[in-house]
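K.L.:
One structure, pasted below without further comment.
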Amino acid sequence: MEKELLHGTLEVLILKTLSWGPMHGFGIGRWIEQLSGNELRIEEGSLYPALYRIEKKGWVDASWGVSDNQRRAKYYRLTTEGRRQLHKNADTWSTFAHAVARVLGAKQQPAS
Amino acid sequence: MSTTPLWRRYLRFWGSDPGADVDDEFAFHVETRVDELVAQGFSAKAAREEALRGFGDIQQVKAICRTLAEERERTMQRTQWWADWRHDLRFAVRQLIVSPLLTAVLMVTIAVGIGATVAIFSVLNAVLLRPLPWADSDRLVFVYETWREVSTGERVGGSLP
């Protein structure tokens, strides 16, 4: 359960970063870390399998390009289906996060 | 991201190689990270170790990615195959519609061909191939005898038993 939760979260975060434009795996990880205020550490060992999973699902498309440091890099781009999934999952996630925060922030025991 | 040079598109001429793609992608990641760490004052060796740390067991991660890429490739090929097939079928039907005379000739040819083959096979099947309608029909024999003239050795006739 925990593992699936993490998979799903990482996938949405990747979709979100790609909504600004195509990026390679290295840049995606970096973006997520920066945007989370360096609270999240994206392990490469989870990042790449997640990228390949969503590529297989057709949420992203990949093509080879040349990076800023003049190296051949695999760039991921959001597909129409990916954009749709991002909207759908982002809503689910904020509802979920909000609910968890409410439970953890509760001051009173619920009436039984 | 600059545009891809034109010649790169020919790299895919023999189809993609998921294993090599995963290797290249990971190599890019590690090299970029190493450069960054070296610029921060890490030694080359320490930078490499640090860059690889996040991958955990890199061979296992590569294997996972390769499997996912191969599965995706297979699905895409299958989809492509069916798309091509539908395309061919539509093209064939369109061609047949624009030349009705040719279509008629083709249909008559095929009809006569099938008809003739079926007719001949039905006869051969009944006469030669199907077992005769008696029990143990494979043990049925046809018995006859011939007579020879003693002086000349010539066959002079025979009779059914």
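Every chain in the structure tokens has a letter given in the order shown (A, B, ...), and although residue numbers restart at 1 in each chain, ligands are simply numbered from 1 in the order shown.
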Counting only C-alpha atoms, give me one row per residue of chain A with an atom at most 12 Å from an atom of chain B, showing the shortest contact pair and its distance in Å to one decimal, sorted by chain then residue number, as JSON lines.
P.N.:
```
{"residue": "A:Gly21", "atom": "CA", "partner": "B:Met1", "partner_atom": "CA", "distance": 10.2}
{"residue": "A:Pro22", "atom": "CA", "partner": "B:Met1", "partner_atom": "CA", "distance": 8.4}
{"residue": "A:Met23", "atom": "CA", "partner": "B:Met1", "partner_atom": "CA", "distance": 8.3}
{"residue": "A:His24", "atom": "CA", "partner": "B:Glu25", "partner_atom": "CA", "distance": 8.7}
{"residue": "A:Gly25", "atom": "CA", "partner": "B:His29", "partner_atom": "CA", "distance": 7.4}
{"residue": "A:Phe26", "atom": "CA", "partner": "B:His29", "partner_atom": "CA", "distance": 5.6}
{"residue": "A:Gly27", "atom": "CA", "partner": "B:His29", "partner_atom": "CA", "distance": 9.0}
{"residue": "A:Ile28", "atom": "CA", "partner": "B:His29", "partner_atom": "CA", "distance": 11.0}
{"residue": "A:Gly29", "atom": "CA", "partner": "B:His29", "partner_atom": "CA", "distance": 10.3}
{"residue": "A:Arg30", "atom": "CA", "partner": "B:Arg33", "partner_atom": "CA", "distance": 10.5}
{"residue": "A:Arg41", "atom": "CA", "partner": "B:Gly54", "partner_atom": "CA", "distance": 9.3}
{"residue": "A:Ile42", "atom": "CA", "partner": "B:Gly54", "partner_atom": "CA", "distance": 8.1}
{"residue": "A:Glu43", "atom": "CA", "partner": "B:Gly54", "partner_atom": "CA", "distance": 4.8}
{"residue": "A:Glu44", "atom": "CA", "partner": "B:Phe55", "partner_atom": "CA", "distance": 4.8}
{"residue": "A:Gly45", "atom": "CA", "partner": "B:Phe55", "partner_atom": "CA", "distance": 4.1}
{"residue": "A:Ser46", "atom": "CA", "partner": "B:Phe55", "partner_atom": "CA", "distance": 7.8}
{"residue": "A:Leu47", "atom": "CA", "partner": "B:Phe55", "partner_atom": "CA", "distance": 9.0}
{"residue": "A:Tyr48", "atom": "CA", "partner": "B:Cys65", "partner_atom": "CA", "distance": 7.0}
{"residue": "A:Pro49", "atom": "CA", "partner": "B:Cys65", "partner_atom": "CA", "distance": 5.5}
{"residue": "A:Ala50", "atom": "CA", "partner": "B:Cys65", "partner_atom": "CA", "distance": 8.8}
{"residue": "A:Leu51", "atom": "CA", "partner": "B:Cys65", "partner_atom": "CA", "distance": 8.6}
{"residue": "A:Tyr52", "atom": "CA", "partner": "B:Cys65", "partner_atom": "CA", "distance": 6.0}
{"residue": "A:Arg53", "atom": "CA", "partner": "B:Leu68", "partner_atom": "CA", "distance": 6.5}
{"residue": "A:Ile54", "atom": "CA", "partner": "B:Leu68", "partner_atom": "CA", "distance": 9.7}
{"residue": "A:Glu55", "atom": "CA", "partner": "B:Arg72", "partner_atom": "CA", "distance": 7.9}
{"residue": "A:Lys56", "atom": "CA", "partner": "B:Arg72", "partner_atom": "CA", "distance": 5.1}
{"residue": "A:Lys57", "atom": "CA", "partner": "B:Arg72", "partner_atom": "CA", "distance": 8.2}
{"residue": "A:Gly58", "atom": "CA", "partner": "B:Arg72", "partner_atom": "CA", "distance": 9.0}
{"residue": "A:Asp61", "atom": "CA", "partner": "B:Arg72", "partner_atom": "CA", "distance": 11.4}
{"residue": "A:Ala62", "atom": "CA", "partner": "B:Asp21", "partner_atom": "CA", "distance": 10.9}
{"residue": "A:Ser63", "atom": "CA", "partner": "B:Thr4", "partner_atom": "CA", "distance": 9.4}
{"residue": "A:Trp64", "atom": "CA", "partner": "B:Thr4", "partner_atom": "CA", "distance": 7.5}
{"residue": "A:Gly65", "atom": "CA", "partner": "B:Thr4", "partner_atom": "CA", "distance": 5.3}
{"residue": "A:Val66", "atom": "CA", "partner": "B:Ser2", "partner_atom": "CA", "distance": 6.0}
{"residue": "A:Ser67", "atom": "CA", "partner": "B:Met1", "partner_atom": "CA", "distance": 5.5}
{"residue": "A:Asp68", "atom": "CA", "partner": "B:Met1", "partner_atom": "CA", "distance": 6.2}
{"residue": "A:Asn69", "atom": "CA", "partner": "B:Thr32", "partner_atom": "CA", "distance": 7.9}
{"residue": "A:Gln70", "atom": "CA", "partner": "B:Ser2", "partner_atom": "CA", "distance": 9.0}
{"residue": "A:Arg71", "atom": "CA", "partner": "B:Phe28", "partner_atom": "CA", "distance": 7.1}
{"residue": "A:Arg72", "atom": "CA", "partner": "B:Phe28", "partner_atom": "CA", "distance": 7.2}
{"residue": "A:Ala73", "atom": "CA", "partner": "B:Glu25", "partner_atom": "CA", "distance": 6.2}
{"residue": "A:Lys74", "atom": "CA", "partner": "B:Glu25", "partner_atom": "CA", "distance": 6.1}
{"residue": "A:Tyr75", "atom": "CA", "partner": "B:Met1", "partner_atom": "CA", "distance": 8.8}
{"residue": "A:Tyr76", "atom": "CA", "partner": "B:Glu25", "partner_atom": "CA", "distance": 11.5}
```
K.L.:
If I take atom CA of B:Ser43 and atom CA of A:Gly37, how far is one from the other in Å, to one decimal?
P.N.:
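Atom CA of A:Gly37 lies 27.5 Å from atom CA of B:Ser43.
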K.L.:
To one decimal place in Å, what is the distance between atom CA of A:Leu40 and atom CA of A:Leu10?
P.N.:
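Going from atom CA of A:Leu40 over to atom CA of A:Leu10, I get 10.4 Å.
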